[in-house]
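Below is one structure; the comments refer to it alone.
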Protein chains: 2
Amino acid sequence: MTLKNTAWYLRSRPTGEVDASHFDVRTEEVPDPGPGQVLVRNIYLMIPASMRIWMNERDTYLPAVPLGTVMRGITTSIVEKSNDERLPVGTYVNGMCGWQEYAVAAVEELMPLTHKHPDIPLSNYRHVLDFQGLTAYCGLTDVGKPQAGETLVVTAAAGSVGSLVCQIGKKLGLRVIGIAGGPEKCQWLRDVCKVDGAIDYKSDDVGAKLDELCPNGIDIVFENVGGPVLDLMLDRINLRARIVLCGFVSTYFGGEQTAGRGLMNLVNQRGTMQGFIVLDYLPHYAEVMGILTPWVLDGSLVHPEEILDGLENAPVAMNRLSRGENHGMQLIRISPEA
Amino acid sequence: MTLKNTAWYLRSRPTGEVDASHFDVRTEEVPDPGPGQVLVRNIYLMIPASMRIWMNERDTYLPAVPLGTVMRGITTSIVEKSNDERLPVGTYVNGMCGWQEYAVAAVEELMPLTHKHPDIPLSNYRHVLDFQGLTAYCGLTDVGKPQAGETLVVTAAAGSVGSLVCQIGKKLGLRVIGIAGGPEKCQWLRDVCKVDGAIDYKSDDVGAKLDELCPNGIDIVFENVGGPVLDLMLDRINLRARIVLCGFVSTYFGGEQTAGRGLMNLVNQRGTMQGFIVLDYLPHYAEVMGILTPWVLDGSLVHPEEILDGLENAPVAMNRLSRGENHGMQLIRISPEA
C-alpha cells in the first residue's frame, strides 16, 4: 500500500488573520526514508503565537517560511519507518515536521521523548514539558533574576507560557500579578494559578489596577504582548527592574505597534529590558524538565490545552490565539496517538 | 557692604520651550553661611538636555523642581566665605547651586575640583572632566561592554556626551557611526571626531545610510534621543547587541514619543536595552577623570563648549539644545572666574 501525505504549502503571505486561501493543500506520495532518516506520522501540531510571524516576508528568530514550501510546524510524531537504530519504529519524537500528515526527517532533526512519563499525556510534551515550560522557567529565572518577595507582572498571563510563569513565580516566592483579557481568564488566574491579583486589560483601568495591586512597584515584567500596557508597566518599575521580553503578540497579526513612551523610565530606574529565545536554553532542557515533571505529576503546575482535530483547523487555531479566544495551549491533532 | 543675590525662581511649568515668563527673578540679601557651610559665588551653570525634564511635574531620576523655589542648576563656583576649613576661601567647587549668583551650601554638598589641572580651563570641569565625561566613559564601557572591532552607533553624536562617546569608541577600537542633525555637525564628526561615518537625520534616509555604513550590523547603540531612529537602529542590531539608554532628548520638550516597533528585534537578537544614570558611577569619578585628563591635555578628546553670558540667557540656551542649534556643551557664565 502506498501511503498518501496531505501537506499544506504556503501560497501567500497574510496581512491580518490567516485562512485556507493562504495555503495550497496537496496530496502526494510519501517518500521512503533514506540512510540516517526515518518516516514519521505527525500526531500533534503546536500552535504558538509566534507562528504567525513566520508567515511574514521578514526573517525573525527563524527565517521566513518561503512561499511554495510546506508550512513550518512544531510537531510531536511517531516513527513509522526507520533506517537508523537510534530511532526505532514506535518512538515518539518532537521536531519541526510541518503542516502535513507524514514527513521524512534525519535522525539529528528529531528529539525522542526520553523524558516521557507514563502518567502524563503525550500532548503535554509539546507544551508544558517542552518549549513552553522551558521558555517560562528560563525566561523568568535566568533573564528575570527573581528574588523572593519581589513583584512580578505577567502579560498574556492566561496563555500557555504566561500561566506557567505565574505559577512558577508563586513557587519562587514572588508577588504575582497577571494581566489577561476578560473576567473568566482573570478568575481562572486567581482561582487556579493562585496569583495575587489579576487585571482585565479589556475592561479595567490598567494603570490604576497596577497601582492598587503593586503597592511596592514592579520588579520584574514578563512581557508577551507589547503595546500601551508595556508603557503602563514601565511607568511603575522599581530601581534595577528587569523586563523580560518573551514576545510581542500584539504585533504578530499586524496590530497596534509596541508603544515606547515608558522607555524613559528605564533610564530613570536603571532598568534592563532583555529579549531571549527559548532555543538559547536547549542545553538546559533535561535539567528544567526534571524540575517541571514532578510539578505536572502532583498537579501543582496547571497547563490547560485545547485540542482541535485536523489540519484544516490550524488557521482557525491561529486566529483564536490572535483574538485571545483560546484558553491554554492550542494544539492540532493531525492523527491518533496510537 | 551687603551682597545682593539675583535668583531665578520657577513660577510655572512649561509645556514646550522655556522662556522668562516661567520664572520669577528676585533680588535678595545674601545670607551668611552657618556652621559647616560656605558662601559660594556661582561662575558656570551647565545646561544639560535633561534639565528640561526637571521642570515637569513628574519626578524623574531627580525630583521635579517645586514651583516657587530657585531653579535647580549644576554649577561651578568659588568659595567666598567659609565656616569650614575643608573648603577655604578661593576653592573652586562643583555643586547644585541653582540659577542664582550666590548660594549658601553645606560643605558635604560641594565637590572641590582637586583634579583641576592648571593648563585646562575651569569651564571644562563642568563637562568633559566631570559628569559628561563620566557619562560617556561609563555608559560606553560598563553598559555597552564594547569589544574592539564591533560597530557602535551614537545618536546626538555631536552633543556634549555623544561626541565624547564617539571619540572614546574610536580609542577602544570600535567602528563608530554618529547620527546628528545637519551637514555641519556631520562634517565635524568626520573631520574632528574621526568617526567612520556620519548620518544627518534631517536629510539622509537614515535606514539606508545605516545599511551602508554598518555593513556588519550594529553591536552597540548609545542612545540619547529616542523616536523613530531608535527603531531603525533596532532593526539592524546583531545577536546580543547592547542598547545603552542615556537619555531621550526627543521627549524632554514634549516632542514626539519614543517609538518602540523595533523592540521585537530585541527578542529576535536576544538584545539588552539598559538605562543608566551618571550618579551611579560617582564611586569611579576619580579613576575616570584620571583616564580622561591626559586625553584632554594632548588634544585627542575634543570637547567644544558654547558659553553665553548671564542667567537671562539660560532659557535661550535650553531652547537651543532642544532645537539642536548648539554645538557642544552649553554653559552660562554667571560671573567672572577670578
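By order of appearance in the C-alpha cells: chains A, B, ..., then residues from 1 within every chain, and ligands from 1 in the order shown.
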Would you mind listing, for every residue of chain B within 9 Å of chain A, the two atoms forming the shortest contact and the distance between them in Å to one decimal, using only C-alpha atoms, sorted by chain and ascending residue number, as a tab-separated table?
residue	atom	partner	partner_atom	distance
B:Thr60	CA	A:Asn268	CA	5.9
B:Tyr61	CA	A:Asn268	CA	4.6
B:Leu62	CA	A:Asn268	CA	8.4
B:Gly226	CA	A:Leu263	CA	8.8
B:Gly227	CA	A:Gly260	CA	8.7
B:Arg240	CA	A:Gly275	CA	8.9
B:Leu245	CA	A:Val267	CA	6.1
B:Cys246	CA	A:Val267	CA	6.5
B:Gly247	CA	A:Val267	CA	6.7
B:Phe248	CA	A:Met264	CA	6.4
B:Thr251	CA	A:Arg261	CA	8.4
B:Gln257	CA	A:Arg261	CA	5.7
B:Thr258	CA	A:Arg261	CA	5.2
B:Ala259	CA	A:Gly260	CA	5.2
B:Gly260	CA	A:Gly260	CA	4.6
B:Arg261	CA	A:Thr258	CA	5.2
B:Gly262	CA	A:Thr258	CA	8.2
B:Leu263	CA	A:Thr258	CA	7.4
B:Met264	CA	A:Phe248	CA	6.4
B:Asn265	CA	A:Thr60	CA	7.6
B:Leu266	CA	A:Gly275	CA	5.0
B:Val267	CA	A:Gly275	CA	3.8
B:Asn268	CA	A:Tyr61	CA	4.6
B:Gln269	CA	A:Tyr61	CA	7.1
B:Arg270	CA	A:Gly275	CA	4.5
B:Gly271	CA	A:Gly275	CA	5.5
B:Thr272	CA	A:Gln274	CA	4.3
B:Met273	CA	A:Met273	CA	5.0
B:Gln274	CA	A:Thr272	CA	4.4
B:Gly275	CA	A:Val267	CA	3.8
B:Phe276	CA	A:Arg270	CA	4.6
B:Ile277	CA	A:Val267	CA	6.6
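Residues in contact with range 5-15 of chain B at 8 Å, where only C-alpha atoms are counted and same-chain residues fewer than 6 positions away are skipped, are listed as B:Ser21, B:His22, B:Phe23, B:Asp24, B:Val25, B:Arg26, B:Thr27, B:Glu28, B:Glu29, B:Val30, B:Met55, B:Asn56, B:Glu57, B:Val65, B:Pro66, B:Leu67, B:Gly68, B:Thr69, B:Val70, B:Met71, B:Trp99, B:Gln100, B:Glu101, B:Tyr102, B:Phe253, B:Gly254.
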> Mind checking DSSP for range 146-284 of chain B and telling me the strand (DSSP E) residues as a ChimeraX atom specification?
Replying inline: /B:151-155,175-180,197-200,218-223,237-245,272-275
>> One number please: CA of Leu239 in chain A to CA of Glu223 in chain A, in Å, one decimal.
In response: 18.0 Å
>> Could you go through range 133-235 of chain B and tell me which residues DSSP, when run on the backbone, assigns to alpha helix (DSSP H), listing them as number ranges by chain?
In response: B: 133-138, 162-171, 183-191, 206-213, 228-234
>> I need the residue nearest Pro146 in chain B from this list: B:Gly182, B:Gly169, B:Pro294, B:Gly197. Use only C-alpha atoms for the distance.
In response: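 Comparing B:Gly182, B:Gly169, B:Pro294, B:Gly197 against Pro146 in chain B, the winner is B:Gly169.
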>> I'd like the neighbourhood of range 187-195 of chain A as a ChimeraX atom specification, where a residue qualifies if any of its atoms comes within 9 Å (using only C-alpha atoms), though same-chain residues fewer than 2 positions away should be ignored.
In response: /A:157-158,163-164,166-167,169-170,175-178,180,182-185,197-198,300-302
Keeping N, CA, C and O atoms, export the residues of the selection given above as an mmCIF file, in the first residue's frame.
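What landed in selection_22.cif:
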data_model
loop_
_atom_site.group_PDB
_atom_site.id
_atom_site.type_symbol
_atom_site.label_atom_id
_atom_site.label_comp_id
_atom_site.auth_asym_id
_atom_site.auth_seq_id
_atom_site.Cartn_x
_atom_site.Cartn_y
_atom_site.Cartn_z
ATOM 1 N N ALA A 157 -1.204 36.494 30.632
ATOM 2 C CA ALA A 157 -0.959 35.648 31.807
ATOM 3 C C ALA A 157 -1.751 34.357 31.773
ATOM 4 O O ALA A 157 -1.397 33.392 32.451
ATOM 5 N N ALA A 158 -2.832 34.327 31.019
ATOM 6 C CA ALA A 158 -3.612 33.090 30.939
ATOM 7 C C ALA A 158 -3.176 32.229 29.765
ATOM 8 O O ALA A 158 -3.731 31.162 29.533
ATOM 9 N N SER A 163 0.767 31.515 31.889
ATOM 10 C CA SER A 163 0.188 30.852 33.058
ATOM 11 C C SER A 163 1.238 30.030 33.795
ATOM 12 O O SER A 163 1.200 29.906 35.020
ATOM 13 N N LEU A 164 2.207 29.477 33.052
ATOM 14 C CA LEU A 164 3.302 28.761 33.717
ATOM 15 C C LEU A 164 4.193 29.744 34.472
ATOM 16 O O LEU A 164 4.633 29.468 35.594
ATOM 17 N N CYS A 166 3.315 32.568 35.820
ATOM 18 C CA CYS A 166 2.613 32.963 37.045
ATOM 19 C C CYS A 166 2.811 31.921 38.147
ATOM 20 O O CYS A 166 3.139 32.254 39.294
ATOM 21 N N GLN A 167 2.634 30.677 37.788
ATOM 22 C CA GLN A 167 2.700 29.623 38.804
ATOM 23 C C GLN A 167 4.127 29.383 39.286
ATOM 24 O O GLN A 167 4.369 29.161 40.477
ATOM 25 N N GLY A 169 6.389 31.655 39.305
ATOM 26 C CA GLY A 169 6.651 32.849 40.124
ATOM 27 C C GLY A 169 6.169 32.656 41.556
ATOM 28 O O GLY A 169 6.875 32.998 42.516
ATOM 29 N N LYS A 170 4.974 32.100 41.702
ATOM 30 C CA LYS A 170 4.467 31.848 43.059
ATOM 31 C C LYS A 170 5.357 30.837 43.785
ATOM 32 O O LYS A 170 5.659 31.008 44.973
ATOM 33 N N ARG A 175 5.437 38.012 44.545
ATOM 34 C CA ARG A 175 4.077 38.536 44.422
ATOM 35 C C ARG A 175 3.789 38.583 42.930
ATOM 36 O O ARG A 175 4.539 39.201 42.176
ATOM 37 N N VAL A 176 2.721 37.923 42.481
ATOM 38 C CA VAL A 176 2.465 37.767 41.047
ATOM 39 C C VAL A 176 1.144 38.419 40.663
ATOM 40 O O VAL A 176 0.095 38.117 41.254
ATOM 41 N N ILE A 177 1.206 39.307 39.675
ATOM 42 C CA ILE A 177 0.017 39.939 39.109
ATOM 43 C C ILE A 177 -0.057 39.527 37.644
ATOM 44 O O ILE A 177 0.910 39.695 36.895
ATOM 45 N N GLY A 178 -1.196 38.988 37.234
ATOM 46 C CA GLY A 178 -1.379 38.574 35.851
ATOM 47 C C GLY A 178 -2.302 39.523 35.109
ATOM 48 O O GLY A 178 -3.294 39.991 35.673
ATOM 49 N N ALA A 180 -4.681 39.729 31.735
ATOM 50 C CA ALA A 180 -5.297 38.876 30.726
ATOM 51 C C ALA A 180 -6.571 39.558 30.229
ATOM 52 O O ALA A 180 -6.982 40.588 30.763
ATOM 53 N N GLY A 182 -10.464 39.572 29.762
ATOM 54 C CA GLY A 182 -11.780 39.040 30.100
ATOM 55 C C GLY A 182 -11.862 38.530 31.524
ATOM 56 O O GLY A 182 -10.869 38.079 32.099
ATOM 57 N N PRO A 183 -13.064 38.593 32.102
ATOM 58 C CA PRO A 183 -13.255 38.209 33.509
ATOM 59 C C PRO A 183 -13.023 36.721 33.763
ATOM 60 O O PRO A 183 -12.544 36.357 34.838
ATOM 61 N N GLU A 184 -13.317 35.861 32.783
ATOM 62 C CA GLU A 184 -13.142 34.425 33.028
ATOM 63 C C GLU A 184 -11.664 34.095 33.202
ATOM 64 O O GLU A 184 -11.276 33.362 34.116
ATOM 65 N N LYS A 185 -10.829 34.627 32.291
ATOM 66 C CA LYS A 185 -9.395 34.357 32.415
ATOM 67 C C LYS A 185 -8.852 34.899 33.733
ATOM 68 O O LYS A 185 -8.014 34.263 34.386
ATOM 69 N N GLY A 197 -3.096 38.833 42.157
ATOM 70 C CA GLY A 197 -4.054 39.765 41.574
ATOM 71 C C GLY A 197 -4.091 39.563 40.077
ATOM 72 O O GLY A 197 -3.113 39.120 39.472
ATOM 73 N N ALA A 198 -5.247 39.877 39.485
ATOM 74 C CA ALA A 198 -5.381 39.747 38.036
ATOM 75 C C ALA A 198 -6.036 41.016 37.500
ATOM 76 O O ALA A 198 -6.880 41.621 38.165
ATOM 77 N N SER A 300 0.454 20.588 40.652
ATOM 78 C CA SER A 300 0.684 21.946 41.149
ATOM 79 C C SER A 300 1.107 22.914 40.045
ATOM 80 O O SER A 300 1.308 24.095 40.305
ATOM 81 N N LEU A 301 1.263 22.412 38.826
ATOM 82 C CA LEU A 301 1.566 23.297 37.693
ATOM 83 C C LEU A 301 0.512 23.011 36.621
ATOM 84 O O LEU A 301 0.676 22.099 35.808
ATOM 85 N N VAL A 302 -0.568 23.776 36.672
ATOM 86 C CA VAL A 302 -1.659 23.501 35.729
ATOM 87 C C VAL A 302 -1.275 24.033 34.352
ATOM 88 O O VAL A 302 -0.489 24.979 34.220
#
Within 9 Å of Val221 in chain A, counting only C-alpha atoms, which residues qualify if same-chain residues fewer than 5 places away don't, as a PDB file with N, CA and C atoms, in the first residue's frame?
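Once written, result_39.pdb looks like this:
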ATOM      1  N   GLY A 144      14.889  37.110  34.245  1.00  0.00           N
ATOM      2  CA  GLY A 144      14.191  37.897  35.266  1.00  0.00           C
ATOM      3  C   GLY A 144      14.923  37.994  36.588  1.00  0.00           C
ATOM      4  N   THR A 151       7.956  41.773  43.171  1.00  0.00           N
ATOM      5  CA  THR A 151       6.677  41.794  42.458  1.00  0.00           C
ATOM      6  C   THR A 151       6.908  41.547  40.975  1.00  0.00           C
ATOM      7  N   LEU A 152       6.182  40.544  40.448  1.00  0.00           N
ATOM      8  CA  LEU A 152       6.255  40.147  39.046  1.00  0.00           C
ATOM      9  C   LEU A 152       4.917  40.442  38.386  1.00  0.00           C
ATOM     10  N   VAL A 153       4.949  41.084  37.218  1.00  0.00           N
ATOM     11  CA  VAL A 153       3.734  41.263  36.427  1.00  0.00           C
ATOM     12  C   VAL A 153       3.909  40.488  35.122  1.00  0.00           C
ATOM     13  N   VAL A 154       2.907  39.696  34.778  1.00  0.00           N
ATOM     14  CA  VAL A 154       2.952  38.826  33.600  1.00  0.00           C
ATOM     15  C   VAL A 154       1.839  39.259  32.647  1.00  0.00           C
ATOM     16  N   THR A 155       2.175  39.457  31.372  1.00  0.00           N
ATOM     17  CA  THR A 155       1.128  39.731  30.383  1.00  0.00           C
ATOM     18  C   THR A 155       0.808  38.457  29.610  1.00  0.00           C
ATOM     19  N   LEU A 230       2.638  47.914  28.047  1.00  0.00           N
ATOM     20  CA  LEU A 230       4.068  47.907  28.388  1.00  0.00           C
ATOM     21  C   LEU A 230       4.477  49.258  28.976  1.00  0.00           C
ATOM     22  N   MET A 233       3.306  49.568  32.543  1.00  0.00           N
ATOM     23  CA  MET A 233       4.147  48.814  33.469  1.00  0.00           C
ATOM     24  C   MET A 233       5.478  49.529  33.676  1.00  0.00           C
ATOM     25  N   LEU A 234       6.070  50.013  32.574  1.00  0.00           N
ATOM     26  CA  LEU A 234       7.364  50.701  32.697  1.00  0.00           C
ATOM     27  C   LEU A 234       7.239  51.933  33.597  1.00  0.00           C
ATOM     28  N   ILE A 237       8.017  50.757  37.295  1.00  0.00           N
ATOM     29  CA  ILE A 237       9.102  49.850  37.681  1.00  0.00           C
ATOM     30  C   ILE A 237       9.929  50.434  38.808  1.00  0.00           C
ATOM     31  N   ALA A 241      14.870  47.284  37.757  1.00  0.00           N
ATOM     32  CA  ALA A 241      13.853  46.316  37.324  1.00  0.00           C
ATOM     33  C   ALA A 241      14.340  45.566  36.088  1.00  0.00           C
ATOM     34  N   ARG A 242      13.812  44.368  35.916  1.00  0.00           N
ATOM     35  CA  ARG A 242      14.134  43.548  34.741  1.00  0.00           C
ATOM     36  C   ARG A 242      12.875  43.338  33.917  1.00  0.00           C
ATOM     37  N   ILE A 243      12.953  43.697  32.639  1.00  0.00           N
ATOM     38  CA  ILE A 243      11.837  43.498  31.727  1.00  0.00           C
ATOM     39  C   ILE A 243      12.223  42.337  30.820  1.00  0.00           C
ATOM     40  N   VAL A 244      11.575  41.217  31.008  1.00  0.00           N
ATOM     41  CA  VAL A 244      11.872  40.018  30.234  1.00  0.00           C
ATOM     42  C   VAL A 244      11.007  40.065  28.970  1.00  0.00           C
ATOM     43  N   LEU A 245      11.658  40.191  27.822  1.00  0.00           N
ATOM     44  CA  LEU A 245      10.908  40.259  26.562  1.00  0.00           C
ATOM     45  C   LEU A 245      10.826  38.865  25.973  1.00  0.00           C
TER      46      LEU A 245
END
> For Gly310 in chain A, which residue among A:Glu325, A:Ser160, A:Asn42, A:Pro48 is the nearest when counting only C-alpha atoms?
Replying inline: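 The answer is A:Asn42, which sits nearest to Gly310 in chain A.
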> Can you tell me how far CA of Val107 in chain A sits from CA of Leu297 in chain A, in Å to one decimal?
Replying inline: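 So the two atoms, CA of Val107 in chain A and CA of Leu297 in chain A, lie 29.6 Å apart.
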>> Residues within 9 Å of Glu108 in chain A, please, as a PyMOL selection string. Count only C-alpha atoms; anything in the same chain fewer than 3 positions from it doesn't count.
In response: chain A and resi 36-37+105+111
> Interatomic distance between CA of Ala136 in chain B and CA of Thr293 in chain B?
Replying inline: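 Separation between CA of Ala136 in chain B and CA of Thr293 in chain B: 13.9 Å.
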> Nearest to Gly73 in chain A among A:Arg323, A:Arg236, A:Lys202, A:Arg52, with distances taken over only C-alpha atoms: which residue is it?
Replying inline: A:Arg52
> Contacts of Gly207 in chain B at 12 Å or less, counting only C-alpha atoms, minus same-chain residues fewer than 4 places along, as JSON, numbers by chain?
Replying inline: {"B": [179, 199, 200, 201, 203, 211, 212, 213, 214, 217, 228, 229, 230, 231, 232, 233, 234, 235, 236]}
